[in-house]
Amino acid sequence: MTVLITGGAGYIGSHTARLLTEMGRKVVVLDTLERGYRDAIPGIDLVVGDIADSRTVGKVCRKHHVDSVIHFAAYKAVGESMIEPLRYYKNNVAGSIALVETLLEHDVSRFVFSSSAAVYGTPDIAPVNEDAPLRPQSVYAQTKADIERFLASCDAVGLRSVSLRYFNAAGAHDSGDMGEDWTATANLVPVVMKVLFGASTSLDVFGDDYPTPDGSCVRDYVHVSDLADAHVKALDYLATGGTSMACNVGTGQGTSVKQLITMTESVTGRSLPHKIAPRRAGDPATVFADPTLIRAILGWRATRDLREIITSAYRWHDRHPDGYAR
Ligand SMILES: NC(=O)c1ccc[n+]([C@@H]2O[C@H](COP(=O)([O-])OP(=O)(O)OC[C@H]3O[C@@H](n4cnc5c(N)ncnc54)[C@H](O)[C@@H]3O)[C@@H](O)[C@H]2O)c1
């Protein structure tokens, strides 16, 4: 039996596909390659196609005897989602619904979904746990909240699911051969690396007057390999009869932008040019996870710290200054 990994040629999906393969599990990746790379998953079965294409998805299910799915495929840029809402709803919401419909036609009943801490919007408290209200503040976050709700209702038709609310995915594979493409993301660690490697001149720190210990925003950075491991645990949970749930995937540790800069300079021995810029609209001061639920139910906890995130990201960008070849 095989795990179908949609969006498995992307950043988090490729790390998860590799981990599962190394564990001896059968996987097949379905990816349009619009924002992913064949070179990210060498030696792994790849079908180039769209989640909304029921003929392709159906064929993959039959040919590979798919029994479970990890659904990464989506667009993920918050800013872009506000400018192109139709594109985001079509791909992230309509695409996911079409995917589930085809899966159910092929008796696939276990589903792990890439959700996001963005569903909480600006939480009232930190750390935030799963009882907090969902108050998405962007089209992107709304599409994640919509699919979480849709999946919860799919219990009635026999689909069991785990929605994993990732906090800030960061870092790269230990091998130095896989990592995040800095051309396609606005996430802080790749943006920091861009400055370090001279692809941009200076890092903007958006606001230093927040009510945080050093005035800069605080987030929860999770190593991508730890995230990959959370998916394995979610699959195993569903395979042993676990019921549908949504849970945080975070370290429980808040890190400020300034702390991340200091860690980067300490790890790399290089100075990171940066300047204070005005706050960005909608940026909460502090967001980090309460990971109690995922520890209790899935037995997952983060094993890598911020130093390993920066070290691995630096290694990846140093060895692959142009990222993956297209
Ligand atoms: N990176 C983060 O910090 C983060 C945080 C929270 C949630 N997430 C979610 O995790 C998932 C993976 O994120 P990522 O950082 O690896 O993103 P990514 O852009 O690197 O990977 C997404 C992959 O999905 C593919 N794809 C998009 N639409 C598709 C479609 N219709 N059919 C088939 N393939 C399609 C893209 O080509 C790409 O390879 C996304 O759903 C994202 O919203 C990411």
# chains A, B, ... in the order shown; residues from 1 in each chain; ligands from 1
>>> select_by_dssp(residues="segment 214-300 of chain A", states="alpha helix (DSSP H)", output="JSON, numbers by chain")
{"A": [224, 225, 226, 227, 228, 229, 230, 231, 232, 233, 234, 235, 236, 237, 238, 239, 257, 258, 259, 260, 261, 262, 263, 264, 265, 266, 267, 268, 292, 293, 294, 295, 296, 297, 298]}
>>> residues_around(residues="Ile261 of chain A", least_positions_apart="2", cutoff="9 Å", atoms="only C-alpha atoms", output="MDAnalysis selection string")
chainID A and resid 192 256:259 263:266 271:272 274
>>> write_last_selection(atoms="C-alpha atoms", output="compact mmCIF listing (two decimals), in the first residue's frame")
# COMPACT_ATOMS: atom_id res chain seq x y z
CA VAL A 192 17.93 36.00 5.99
CA SER A 256 12.14 36.96 18.15
CA VAL A 257 13.40 38.28 14.82
CA LYS A 258 16.33 39.87 16.66
CA GLN A 259 17.18 36.59 18.39
CA MET A 263 21.78 33.20 16.20
CA THR A 264 22.49 33.51 12.47
CA GLU A 265 25.52 35.70 13.10
CA SER A 266 26.79 33.33 15.79
CA SER A 271 27.37 39.83 10.09
CA LEU A 272 23.81 40.21 8.85
CA HIS A 274 19.58 44.69 8.79
>>> closest_residue(among="A:Ser138, A:Thr240, A:Ser175, A:Thr251", to="His223 of chain A", atoms="only C-alpha atoms")
A:Thr251
>>> closest_atom_pairs(of="chain A", to="ligand 1", cutoff="6 Å", atoms="only C-alpha atoms and all ligand atoms", output="Markdown table")
| residue | atom | partner | partner_atom_place_in_ligand_line | distance |
| --- | --- | --- | --- | --- |
| A:Thr6 | CA | ligand 1 | 34 (N) | 5.8 |
| A:Gly7 | CA | ligand 1 | 24 (O) | 3.3 |
| A:Ala9 | CA | ligand 1 | 39 (O) | 4.5 |
| A:Gly10 | CA | ligand 1 | 39 (O) | 3.4 |
| A:Tyr11 | CA | ligand 1 | 16 (O) | 3.6 |
| A:Ile12 | CA | ligand 1 | 16 (O) | 3.8 |
| A:Gly13 | CA | ligand 1 | 16 (O) | 5.3 |
| A:Leu30 | CA | ligand 1 | 33 (C) | 5.8 |
| A:Asp31 | CA | ligand 1 | 34 (N) | 3.6 |
| A:Thr32 | CA | ligand 1 | 34 (N) | 4.3 |
| A:Leu33 | CA | ligand 1 | 37 (O) | 4.0 |
| A:Glu34 | CA | ligand 1 | 37 (O) | 4.0 |
| A:Arg35 | CA | ligand 1 | 37 (O) | 3.6 |
| A:Gly36 | CA | ligand 1 | 39 (O) | 3.1 |
| A:Gly49 | CA | ligand 1 | 33 (C) | 5.8 |
| A:Asp50 | CA | ligand 1 | 32 (N) | 3.5 |
| A:Ile51 | CA | ligand 1 | 32 (N) | 4.2 |
| A:Phe72 | CA | ligand 1 | 11 (C) | 4.1 |
| A:Ala73 | CA | ligand 1 | 24 (O) | 3.5 |
| A:Ala74 | CA | ligand 1 | 27 (C) | 4.2 |
| A:Tyr75 | CA | ligand 1 | 27 (C) | 5.5 |
| A:Lys76 | CA | ligand 1 | 43 (O) | 4.3 |
| A:Asn91 | CA | ligand 1 | 31 (N) | 5.4 |
| A:Ser114 | CA | ligand 1 | 10 (O) | 4.7 |
| A:Ser115 | CA | ligand 1 | 7 (C) | 5.2 |
| A:Ser116 | CA | ligand 1 | 6 (C) | 4.0 |
| A:Tyr166 | CA | ligand 1 | 6 (C) | 4.6 |
| A:Phe167 | CA | ligand 1 | 5 (C) | 5.7 |
| A:Asn168 | CA | ligand 1 | 3 (O) | 4.4 |
| A:Ala169 | CA | ligand 1 | 3 (O) | 3.9 |
>>> write_last_selection(atoms="C-alpha atoms", output="PDB file, in the first residue's frame")
ATOM      1  CA  THR A   6       0.316  15.821  -3.069  1.00  0.00           C
ATOM      2  CA  GLY A   7       2.703  18.762  -3.422  1.00  0.00           C
ATOM      3  CA  ALA A   9       8.023  18.142  -4.800  1.00  0.00           C
ATOM      4  CA  GLY A  10       7.717  21.277  -2.662  1.00  0.00           C
ATOM      5  CA  TYR A  11       9.660  22.240   0.438  1.00  0.00           C
ATOM      6  CA  ILE A  12       7.965  20.321   3.261  1.00  0.00           C
ATOM      7  CA  GLY A  13       6.545  17.598   1.000  1.00  0.00           C
ATOM      8  CA  LEU A  30       1.583  14.159  -7.310  1.00  0.00           C
ATOM      9  CA  ASP A  31       2.741  17.680  -8.099  1.00  0.00           C
ATOM     10  CA  THR A  32       2.194  20.183 -10.904  1.00  0.00           C
ATOM     11  CA  LEU A  33       5.826  21.320 -10.429  1.00  0.00           C
ATOM     12  CA  GLU A  34       4.513  24.868 -10.629  1.00  0.00           C
ATOM     13  CA  ARG A  35       6.254  25.609  -7.340  1.00  0.00           C
ATOM     14  CA  GLY A  36       8.117  22.351  -6.785  1.00  0.00           C
ATOM     15  CA  GLY A  49      -0.470  16.545 -12.458  1.00  0.00           C
ATOM     16  CA  ASP A  50      -3.099  18.523 -10.605  1.00  0.00           C
ATOM     17  CA  ILE A  51      -5.046  17.475  -7.505  1.00  0.00           C
ATOM     18  CA  PHE A  72       0.582  19.480   0.929  1.00  0.00           C
ATOM     19  CA  ALA A  73      -0.421  20.846  -2.486  1.00  0.00           C
ATOM     20  CA  ALA A  74      -1.562  24.455  -2.161  1.00  0.00           C
ATOM     21  CA  TYR A  75      -0.508  28.020  -2.754  1.00  0.00           C
ATOM     22  CA  LYS A  76       0.913  29.514   0.433  1.00  0.00           C
ATOM     23  CA  ASN A  91      -6.553  25.747  -5.862  1.00  0.00           C
ATOM     24  CA  SER A 114      -1.198  20.752   5.802  1.00  0.00           C
ATOM     25  CA  SER A 115      -2.969  23.403   7.791  1.00  0.00           C
ATOM     26  CA  SER A 116      -1.346  26.439   9.324  1.00  0.00           C
ATOM     27  CA  TYR A 166       2.269  24.129  11.238  1.00  0.00           C
ATOM     28  CA  PHE A 167       3.942  27.071  12.835  1.00  0.00           C
ATOM     29  CA  ASN A 168       6.974  28.464  10.948  1.00  0.00           C
ATOM     30  CA  ALA A 169       8.653  25.731   8.917  1.00  0.00           C
TER      31      ALA A 169
END
>>> residues_around(residues="Tyr88 of chain A", least_positions_apart="2", cutoff="10 Å", atoms="only C-alpha atoms", output="PyMOL selection string")
chain A and resi 74-78+80-86+90-95+139-140+142-143
>>> residues_around(residues="Ser68 of chain A", least_positions_apart="5", cutoff="7 Å", atoms="only C-alpha atoms", output="ChimeraX atom specification")
/A:2-4,108-111
>>> residues_around(residues="Ala145 of chain A", least_positions_apart="4", cutoff="10 Å", atoms="only C-alpha atoms", output="list in words")
Val93, Ser115, Ser116, Ala117, Ala118, Val119, Tyr120, Leu134, Arg135, Pro136, Val139, Tyr140, Ala141, Arg149, Phe150, Leu151, Ser163 and Arg165 of chain A
>>> atom_distance(atom1="atom CA of Thr292 of chain A", atom2="atom CA of Ala239 of chain A")
21.7 Å
>>> atom_distance(atom1="atom CA of Pro273 of chain A", atom2="atom CA of Asp174 of chain A")
26.5 Å
>>> residues_around(residues="Asp322 of chain A", least_positions_apart="6", cutoff="10 Å", atoms="only C-alpha atoms", output="number ranges by chain")
A: 181-183
>>> atom_distance(atom1="atom CA of Ala302 of chain A", atom2="atom CA of Asn129 of chain A")
16.2 Å
>>> select_by_dssp(residues="segment 203-304 of chain A", states="strand (DSSP E)", output="list in words")
Leu203, Asp204, Val205, Phe206, Val218, Arg219, Tyr221, Val222, His223, Met245, Ala246, Cys247, Asn248, Val249, Thr255, Ser256, His274, Lys275, Ile276 and Ala277 of chain A
>>> residues_around(residues="Ser161 of chain A", least_positions_apart="2", cutoff="10 Å", atoms="only C-alpha atoms", output="list in words")
Ser68, Val69, Ile70, Ser109, Arg110, Phe111, Val112, Phe113, Glu148, Leu151, Ala152, Cys154, Asp155, Gly158, Leu159, Ser163, Leu164, Ala234, Leu235, Tyr237, Leu238, Gly242, Thr243, Ser244, Met245 and Ala246 of chain A
>>> closest_atom_pairs(of="segment 158-256 of chain A", to="segment 37-43 of chain A", cutoff="10 Å", atoms="only C-alpha atoms", output="CSV")
residue,atom,partner,partner_atom,distance
A:Asp177,CA,A:Ala40,CA,8.2
A:Met178,CA,A:Ala40,CA,6.3
A:Gly179,CA,A:Ala40,CA,8.3
A:Glu180,CA,A:Ala40,CA,9.8
A:Asp181,CA,A:Tyr37,CA,9.6
>>> write_last_selection(atoms="N, CA and C atoms", output="short mmCIF file (atom, residue, chain, number, x, y, z; two decimals), in the first residue's frame")
data_model
loop_
_atom_site.label_atom_id
_atom_site.label_comp_id
_atom_site.auth_asym_id
_atom_site.auth_seq_id
_atom_site.Cartn_x
_atom_site.Cartn_y
_atom_site.Cartn_z
N ASP A 177 21.38 18.55 0.85
CA ASP A 177 20.92 18.37 -0.54
C ASP A 177 19.50 18.84 -0.79
N MET A 178 18.79 19.14 0.27
CA MET A 178 17.39 19.57 0.11
C MET A 178 17.15 20.77 1.01
N GLY A 179 16.35 21.71 0.49
CA GLY A 179 16.05 22.87 1.32
C GLY A 179 14.97 23.72 0.68
N GLU A 180 14.88 24.96 1.15
CA GLU A 180 13.81 25.84 0.69
C GLU A 180 14.33 26.75 -0.42
N ASP A 181 13.49 26.93 -1.41
CA ASP A 181 13.84 27.81 -2.54
C ASP A 181 13.60 29.26 -2.12
#
>>> closest_residue(among="A:Gln137, A:Val162, A:Ala281, A:Phe288", to="Gly241 of chain A", atoms="only C-alpha atoms")
A:Val162
